[in-house]
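Peer 1: Here it is: the structure, laid out below.
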Amino acid sequence: MRTIYYCPAPTGAGKTYAIEERLAEHVRCGETVILTQPSKNLCHQTAQEMSVRFPDVPVKVFNQDTCGQKTVVGLSEHLRNPPDRPHLIIATWAAFMMLPHIIRPERYHLICDEIPTAFVPDSIRLPDNHSLLTDALEIGDAGPIYGLVKVSNPTAVRKMAENRNKDAFNSLVNPLAKRIHQGRHSTYIDIKSYNGLLIGSKDDRLLATYSMLDPTLFLGFKSVVFAGARAEETILYKWFEGKGVRFVRDTALMNKLRYSEHENGHLIEFYYASERNWSKTEQKNDPTFRPRFIEAVQSLFGRNEFVWQDNVTNEVDTFSGVVSGYNVGHSPHGLNAFQHINRSVILSALNYSRSEGGFLTNFCGIGPDEQRIALAYHSSYQTYNRISVRDPNNYEKKIVILPDRQNAAWQRERFPGSVVIPLGIDSRNGPRTRSDKLYANPTDRKRAQRNKLEEQQKEIMNGLVEAARSKQEKYIIDDCHGYSFNTIKCVTSLQGSIIAHKRDSDSLMLVCDKDTFISQMKRFSVNTFDSKESNMLISPGLFIDKDDGSSCRSKPNAFCGRNVYLDIEKGTLTHRQLSKIFPNIEMIAYSSYSHTKDMPRYRVVFLTDSIMSSGMYTAIYNMICHRIELAGYKSEFESGFHPKEKVHGIDRKPYLTDLFYLPCQPADSDGFFLHYRKLRKPLDVLDWCYNSFPTRFDDGESVSHGHHPLQQIIDKDHSQLCEEALQRFRDQTVDQGRSHKALRALNFTLLEGGVDDVSRDVTLTQAAYLSRSREDRLRDKQRMMRFGQRAPSHR
């Protein structure tokens, strides 16, 4: 991927002045340069300064003032047939992005003054007429939650993007259609929400999209330079770095700045209003807070001049009639008319919506704190730096009022020597923060997890032949594997392992193609048994023998596996609802032995397109559970079973070693076996790996260290340990009055066995519901989970 140079110049350090010198150097050396800037006013200002400082440098400006309504046409034609001489081309970033394409970009250097916007969310209410656009689109794979928007009908999308006839519907979808048509962005959708829109769900009426700037836009230029304050903290920097772009500091440009760090922090007082992160919701919850905020500002500023910024919806009423206040709007870049003013206040609440923030976190690996810095804190930084803060020769005291303490604390770090002072209008406590995070940000954590999963996947591919040989020494395999070693995506006919009963240490590898596997599972579903223990079991894993003294089906022997299994009981999530949450994945669902009409119990098998490592299986299992919870399903009932409460009822079994009974007829009801396959395909393992993200189920330390601290090496897998411990709890609580002591013993067994917190929580909850004093045991469970209680041994 292309190397991009960048200059993270602080505001007021003379960034534009240094860029002008770089522009002149390029032109004088016989090179042509394209300079993009945020606004046309800045374009004219730079052109004027260039004519004074470097009159020998030819400059051509393209914006509405110079080209009228044909700015893009004029710029495109100029780049297609440039003058036969080196010169400088200045255009707004918006005009540059509207270019259909750039012919021979290797002829130009590209310098972007200010960091471009990389993330463009969009939400359009189209419950009835969305098909005019969605029929021209198709959705590709992009991990467990999101899909990549592709064009199936280029003509229809192009008409909406151009909208030559000024059609009202096309005007509504025009910005989105342009981004899809031009290909400068990669556009994504939430798969569940999008499919709900297509089928007319009452809950999904919006066409919500998330467009990310594509790094390939900058390929082919002689050089590319980004210049902007705090560049490393922007969405673009984090997104591009995650896509493989190599960023290098432009030291030559940095050396031309007046300073690299702010030196007048001792002159600045940062005041703040709220103890909690500022948002429109916070203001709505307490309608009296905003008037008190404004009153405190007016009391502190008095009659002194100040600049201010607020959300557009509030601008009419904010400081109405205050002649000494100047609204700088929401694009303050380049405004230099307020450097004589020493006071500033920001009231605007800038936050991504829940769905937008979720996309940046789950897909891009950019966490909530990083989002807040890139959006709200950077905006505040640019706004108050329009006043005398940017002038190193101004030695008067400066007052900056910010909406919340977190913002003020971040700004203080930018200006060493500054102080943070509360306005004294909020007596609430601020949010808790963690100081023991293993990773600096979600991007690093996501990268660490993905790298580990990729390494594990490569390892099982390299050792697959040895594993198969080890198995074939023990068993006669009628069918054979089909391997492809050309790529990491190995094709194999492994479908799991068959186990006769739970205590059987041996397993028989199930080898067949996908269709045969489904047919065989369907034939199993008609079998009847006197008890569920009479049935055989299946494990997603392939087990190989190791001379470590452990059980044949222990975790170290689980080499690889295929397909992901969910065991669902005692919840309100049906298999049909589950199929809507994952509308593109081929799956089978079948009733379990204990299934009844009143209390459905069933298993779901997510078919996968390839085998997986043990770590990959657990990661995909966790992401599936995370996606179900994003759909609104909780892990347990708040106060007993309620049919209208959304509880998934997943019996947590996240490991390759976990066992599942084969399909059979229920003991007291009619069974079912369903194959969801229409317009679906198996789960793409490598796609989920590349777009993987840590969930609440994952132990963050295990990602980087490759081991589970505090866990003991045990012969039996965790799911079997949980089930056996739960059975002992049942046996101990036959007599009344023993459930409290038995629950403590159960908790100790799980802790001693190294069972993860989520599985421990699920097992303790099941035990609580089995006891006669359910509410008391649930309270006991909560205390045990909260304090990680280790009960004294009762053995």
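How things are named: the first chain in the structure tokens is A, the next is B, and so on; residues count from 1 in each chain; ligands count from 1 in the order shown.
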Excluding Arg205 (chain A) and its own-chain neighbours fewer than 2 positions away, which residues fall within 6 Å of it when counting only C-alpha atoms? Please give them as an NGL selection string.
Peer 2: :A and (125 or 127 or 197)
Peer 1: Emit the selected residues as a PDB file, in the first residue's frame, including all heavy atoms.
Peer 2:
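Okay, this is what ended up in result.pdb:
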```
ATOM      1  N   ARG A 125     -34.932   7.682   5.515  1.00  0.00           N
ATOM      2  CA  ARG A 125     -36.175   6.964   5.816  1.00  0.00           C
ATOM      3  C   ARG A 125     -36.860   6.578   4.504  1.00  0.00           C
ATOM      4  O   ARG A 125     -37.417   7.419   3.800  1.00  0.00           O
ATOM      5  CB  ARG A 125     -37.096   7.833   6.675  1.00  0.00           C
ATOM      6  CG  ARG A 125     -38.339   7.083   7.149  1.00  0.00           C
ATOM      7  CD  ARG A 125     -39.153   7.911   8.128  1.00  0.00           C
ATOM      8  NE  ARG A 125     -40.355   7.227   8.548  1.00  0.00           N
ATOM      9  CZ  ARG A 125     -40.398   6.293   9.510  1.00  0.00           C
ATOM     10  NH1 ARG A 125     -39.311   5.975  10.150  1.00  0.00           N
ATOM     11  NH2 ARG A 125     -41.541   5.722   9.844  1.00  0.00           N
ATOM     12  N   PRO A 127     -39.251   3.512   3.949  1.00  0.00           N
ATOM     13  CA  PRO A 127     -39.967   2.260   4.231  1.00  0.00           C
ATOM     14  C   PRO A 127     -40.678   1.676   3.011  1.00  0.00           C
ATOM     15  O   PRO A 127     -40.896   0.460   2.960  1.00  0.00           O
ATOM     16  CB  PRO A 127     -40.979   2.675   5.304  1.00  0.00           C
ATOM     17  CG  PRO A 127     -41.184   4.144   5.095  1.00  0.00           C
ATOM     18  CD  PRO A 127     -39.862   4.671   4.625  1.00  0.00           C
ATOM     19  N   LEU A 197     -35.369  -3.978   6.305  1.00  0.00           N
ATOM     20  CA  LEU A 197     -35.925  -2.963   5.407  1.00  0.00           C
ATOM     21  C   LEU A 197     -36.480  -3.602   4.140  1.00  0.00           C
ATOM     22  O   LEU A 197     -37.566  -3.240   3.660  1.00  0.00           O
ATOM     23  CB  LEU A 197     -34.838  -1.942   5.055  1.00  0.00           C
ATOM     24  CG  LEU A 197     -35.226  -0.834   4.069  1.00  0.00           C
ATOM     25  CD1 LEU A 197     -36.234   0.121   4.697  1.00  0.00           C
ATOM     26  CD2 LEU A 197     -33.989  -0.067   3.605  1.00  0.00           C
TER      27      LEU A 197
END
```
Peer 1: Identify, on the basis of only C-alpha atoms, every residue whose closest approach to Ile90 (chain A) does not exceed 7 Å; exclude the query and any residue fewer than 3 positions from it along the same chain; express the result as a PyMOL selection string.
Peer 2: chain A and resi 34-36+43+60-62
Peer 1: Show me, as an mmCIF file with all heavy atoms, in the first residue's frame, the residues that have an atom within 9 Å of Gln182 (chain A) when counting only C-alpha atoms, minus same-chain residues fewer than 5 positions from it.
Peer 2:
```
data_model
loop_
_atom_site.group_PDB
_atom_site.id
_atom_site.type_symbol
_atom_site.label_atom_id
_atom_site.label_comp_id
_atom_site.auth_asym_id
_atom_site.auth_seq_id
_atom_site.Cartn_x
_atom_site.Cartn_y
_atom_site.Cartn_z
ATOM 1 N N MET A 97 -13.027 15.517 -4.585
ATOM 2 C CA MET A 97 -13.723 14.250 -4.386
ATOM 3 C C MET A 97 -14.774 13.986 -5.450
ATOM 4 O O MET A 97 -15.180 12.841 -5.665
ATOM 5 C CB MET A 97 -14.378 14.239 -3.007
ATOM 6 C CG MET A 97 -13.420 13.994 -1.865
ATOM 7 S SD MET A 97 -12.678 12.361 -1.941
ATOM 8 C CE MET A 97 -14.095 11.324 -1.629
ATOM 9 N N MET A 98 -15.233 15.025 -6.127
ATOM 10 C CA MET A 98 -16.271 14.851 -7.150
ATOM 11 C C MET A 98 -15.693 14.541 -8.526
ATOM 12 O O MET A 98 -16.442 14.296 -9.468
ATOM 13 C CB MET A 98 -17.137 16.112 -7.222
ATOM 14 C CG MET A 98 -17.975 16.355 -5.980
ATOM 15 S SD MET A 98 -18.897 17.903 -6.035
ATOM 16 C CE MET A 98 -20.053 17.553 -7.368
ATOM 17 N N LEU A 99 -14.371 14.550 -8.643
ATOM 18 C CA LEU A 99 -13.759 14.215 -9.931
ATOM 19 C C LEU A 99 -14.091 12.779 -10.313
ATOM 20 O O LEU A 99 -13.973 11.872 -9.481
ATOM 21 C CB LEU A 99 -12.245 14.383 -9.860
ATOM 22 C CG LEU A 99 -11.710 15.806 -9.746
ATOM 23 C CD1 LEU A 99 -10.210 15.787 -9.467
ATOM 24 C CD2 LEU A 99 -11.992 16.588 -11.020
ATOM 25 N N PRO A 100 -14.523 12.525 -11.547
ATOM 26 C CA PRO A 100 -14.840 11.155 -11.950
ATOM 27 C C PRO A 100 -13.610 10.254 -11.887
ATOM 28 O O PRO A 100 -13.680 9.113 -11.470
ATOM 29 C CB PRO A 100 -15.368 11.309 -13.383
ATOM 30 C CG PRO A 100 -14.862 12.639 -13.843
ATOM 31 C CD PRO A 100 -14.750 13.504 -12.641
ATOM 32 N N HIS A 101 -12.472 10.767 -12.323
ATOM 33 C CA HIS A 101 -11.210 10.041 -12.224
ATOM 34 C C HIS A 101 -10.087 11.012 -12.564
ATOM 35 O O HIS A 101 -10.313 12.080 -13.127
ATOM 36 C CB HIS A 101 -11.167 8.833 -13.173
ATOM 37 C CG HIS A 101 -11.385 9.184 -14.613
ATOM 38 N ND1 HIS A 101 -12.636 9.299 -15.157
ATOM 39 C CD2 HIS A 101 -10.511 9.464 -15.615
ATOM 40 C CE1 HIS A 101 -12.542 9.621 -16.435
ATOM 41 N NE2 HIS A 101 -11.262 9.739 -16.743
ATOM 42 N N ARG A 158 -26.014 5.194 -11.563
ATOM 43 C CA ARG A 158 -25.439 6.387 -12.196
ATOM 44 C C ARG A 158 -26.491 7.467 -12.409
ATOM 45 O O ARG A 158 -26.236 8.659 -12.197
ATOM 46 C CB ARG A 158 -24.796 6.027 -13.532
ATOM 47 C CG ARG A 158 -24.029 7.201 -14.166
ATOM 48 C CD ARG A 158 -23.471 6.887 -15.531
ATOM 49 N NE ARG A 158 -24.515 6.764 -16.531
ATOM 50 C CZ ARG A 158 -24.876 5.624 -17.104
ATOM 51 N NH1 ARG A 158 -24.268 4.498 -16.758
ATOM 52 N NH2 ARG A 158 -25.833 5.591 -17.999
ATOM 53 N N ALA A 161 -27.052 9.160 -9.194
ATOM 54 C CA ALA A 161 -25.890 9.967 -8.823
ATOM 55 C C ALA A 161 -25.832 11.264 -9.630
ATOM 56 O O ALA A 161 -25.479 12.321 -9.101
ATOM 57 C CB ALA A 161 -24.611 9.159 -9.023
ATOM 58 N N ALA A 177 -25.867 7.773 -3.536
ATOM 59 C CA ALA A 177 -25.641 7.193 -4.864
ATOM 60 C C ALA A 177 -24.300 7.646 -5.444
ATOM 61 O O ALA A 177 -23.602 6.866 -6.099
ATOM 62 C CB ALA A 177 -26.787 7.579 -5.799
#
```
Peer 1: Suppose you want the space between CA of His185 (chain A) and CA of Thr209 (chain A); what is it in Å?
Peer 2: 11.4 Å
Peer 1: Which region 107-170 of chain A residues have any atom within 12 Å of an atom of region 611-633 of chain A, and for each, what is the nearest pair of atoms with distance in Å to one decimal, counting only C-alpha atoms, rows sorted by chain and number, as CSV?
Peer 2:
```
residue,atom,partner,partner_atom,distance
A:Gly143,CA,A:Met623,CA,9.6
A:Pro144,CA,A:Met623,CA,6.8
A:Ile145,CA,A:Arg627,CA,6.6
A:Tyr146,CA,A:Arg627,CA,10.3
```
Peer 1: For a test of reading the model, state the distance in Å between CA of Tyr271 (chain A) and CA of Asn327 (chain A), rounded to one decimal.
Peer 2: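 Between CA of Tyr271 (chain A) and CA of Asn327 (chain A) the gap is 18.9 Å.
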Peer 1: May I ask which of the residues A:Leu198, A:Tyr272, A:Glu138, A:Lys522 is the closest one to Val420 (chain A), counting only C-alpha atoms?
Peer 2: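 Under the stated criterion, the closest residue is A:Tyr272.
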Peer 1: Going by DSSP on the backbone, which residues of region 258-392 of chain A come out as strand (DSSP E)? List them as a PyMOL selection string.
Peer 2: chain A and resi 268-274+306-309+325-327+343-346
Peer 1: Hey, which of A:Trp93, A:Phe218, A:Tyr602, A:Phe415 ends up closest to Thr572 (chain A)? Count only C-alpha atoms.
Peer 2: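 For Thr572 (chain A), the nearest of the candidates is A:Tyr602.
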Peer 1: Any idea what's packed within 10 Å of region 330-332 of chain A, counting only C-alpha atoms, ignoring anything in its chain fewer than 4 positions away? Could you give it as a ChimeraX atom specification?
Peer 2: /A:38-39,309-312,336,348,379-380,382-386
Peer 1: Which residue, A:Ile401, A:Ala9, A:Met212, A:Val57, has the smallest gap to Asp122 (chain A) when you use only C-alpha atoms?
Peer 2: A:Met212
Peer 1: Of the candidates A:Cys7, A:Val73, A:Ile102, A:Met521, which one gets nearest to Glu114 (chain A) if we count only C-alpha atoms?
Peer 2: A:Cys7
Peer 1: Which residues come within 10 Å of Met160 (chain A), counting only C-alpha atoms, excluding same-chain residues fewer than 2 positions away, as a list in words?
Peer 2: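 Final neighbour list, sorted by chain and number: Leu132, Leu133, Thr155, Ala156, Val157, Arg158, Glu162, Asn163, Arg164, Asn165, Lys166, Asp167, Phe169, Asn170, Ser171, Leu172, Val173, Asn174, Pro175, Leu176, Ala177, Lys178 and His181 of chain A.
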Peer 1: For N, CA and C atoms, I'd like the residues from the last selection saved as a short mmCIF file (atom, residue, chain, number, x, y, z; two decimals), in the first residue's frame.
Peer 2:
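Now in result-v4.cif:
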```
data_model
loop_
_atom_site.label_atom_id
_atom_site.label_comp_id
_atom_site.auth_asym_id
_atom_site.auth_seq_id
_atom_site.Cartn_x
_atom_site.Cartn_y
_atom_site.Cartn_z
N LEU A 132 -36.28 1.30 -5.29
CA LEU A 132 -35.76 2.07 -6.43
C LEU A 132 -34.24 2.12 -6.39
N LEU A 133 -33.68 2.07 -5.18
CA LEU A 133 -32.23 2.05 -5.04
C LEU A 133 -31.72 0.65 -4.71
N THR A 155 -26.22 1.34 -14.36
CA THR A 155 -26.97 2.40 -15.05
C THR A 155 -27.94 3.10 -14.10
N ALA A 156 -28.68 2.32 -13.32
CA ALA A 156 -29.65 2.91 -12.38
C ALA A 156 -28.95 3.75 -11.33
N VAL A 157 -27.84 3.24 -10.78
CA VAL A 157 -27.12 4.00 -9.75
C VAL A 157 -26.52 5.27 -10.34
N ARG A 158 -26.01 5.19 -11.56
CA ARG A 158 -25.44 6.39 -12.20
C ARG A 158 -26.49 7.47 -12.41
N GLU A 162 -26.19 11.21 -10.89
CA GLU A 162 -26.14 12.41 -11.74
C GLU A 162 -27.39 13.27 -11.60
N ASN A 163 -28.56 12.62 -11.53
CA ASN A 163 -29.84 13.30 -11.33
C ASN A 163 -30.00 14.50 -12.25
N ARG A 164 -29.86 14.28 -13.51
CA ARG A 164 -29.92 15.37 -14.50
C ARG A 164 -31.31 15.99 -14.60
N ASN A 165 -32.34 15.23 -14.29
CA ASN A 165 -33.71 15.74 -14.41
C ASN A 165 -34.25 16.29 -13.09
N LYS A 166 -33.40 16.40 -12.07
CA LYS A 166 -33.79 16.95 -10.77
C LYS A 166 -34.98 16.21 -10.15
N ASP A 167 -34.98 14.88 -10.26
CA ASP A 167 -36.03 14.06 -9.66
C ASP A 167 -35.95 14.16 -8.14
N PHE A 169 -36.91 12.04 -5.69
CA PHE A 169 -36.36 10.86 -5.02
C PHE A 169 -34.86 10.78 -5.24
N ASN A 170 -34.43 11.03 -6.46
CA ASN A 170 -33.00 10.98 -6.75
C ASN A 170 -32.23 12.05 -5.96
N SER A 171 -32.87 13.18 -5.73
CA SER A 171 -32.23 14.23 -4.93
C SER A 171 -32.01 13.75 -3.49
N LEU A 172 -32.96 12.95 -2.99
CA LEU A 172 -32.86 12.44 -1.63
C LEU A 172 -31.71 11.46 -1.48
N VAL A 173 -31.56 10.57 -2.44
CA VAL A 173 -30.53 9.53 -2.34
C VAL A 173 -29.26 9.91 -3.10
N ASN A 174 -29.24 11.11 -3.68
CA ASN A 174 -28.11 11.51 -4.53
C ASN A 174 -26.75 11.43 -3.85
N PRO A 175 -26.57 11.97 -2.62
CA PRO A 175 -25.25 11.88 -2.00
C PRO A 175 -24.78 10.43 -1.81
N LEU A 176 -25.69 9.57 -1.37
CA LEU A 176 -25.33 8.16 -1.19
C LEU A 176 -25.02 7.51 -2.53
N ALA A 177 -25.87 7.77 -3.54
CA ALA A 177 -25.64 7.19 -4.86
C ALA A 177 -24.30 7.65 -5.44
N LYS A 178 -23.93 8.89 -5.19
CA LYS A 178 -22.63 9.39 -5.67
C LYS A 178 -21.48 8.61 -5.04
N HIS A 181 -21.44 5.17 -6.58
CA HIS A 181 -21.11 5.19 -8.01
C HIS A 181 -19.65 5.57 -8.25
#
```
Peer 1: Identify, on the basis of only C-alpha atoms, every residue whose closest approach to Trp410 (chain A) does not exceed 12 Å; exclude the query and any residue fewer than 3 positions from it along the same chain; express the result as a list in words.
Peer 2: Phe270, Tyr272, Asp369, Glu370, Arg372, Ile373, Ala374, Ala376, Tyr377, His378, Ser380, Tyr381, Leu402, Asp404, Arg405, Gln406, Asn407, Glu413, Arg414, Phe415, Pro416, Ser418, Val419 and Val420 of chain A
Peer 1: Between A:Val389, A:Ala273, A:Ile111, A:Cys29, which is the closest to Pro10 (chain A) once you count only C-alpha atoms?
Peer 2: A:Val389
Peer 1: Using only C-alpha atoms, which residue out of A:Leu662, A:Thr361, A:Ile588, A:Glu636 lies closest to Ile499 (chain A)?
Peer 2: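 The answer is A:Leu662, which sits nearest to Ile499 (chain A).
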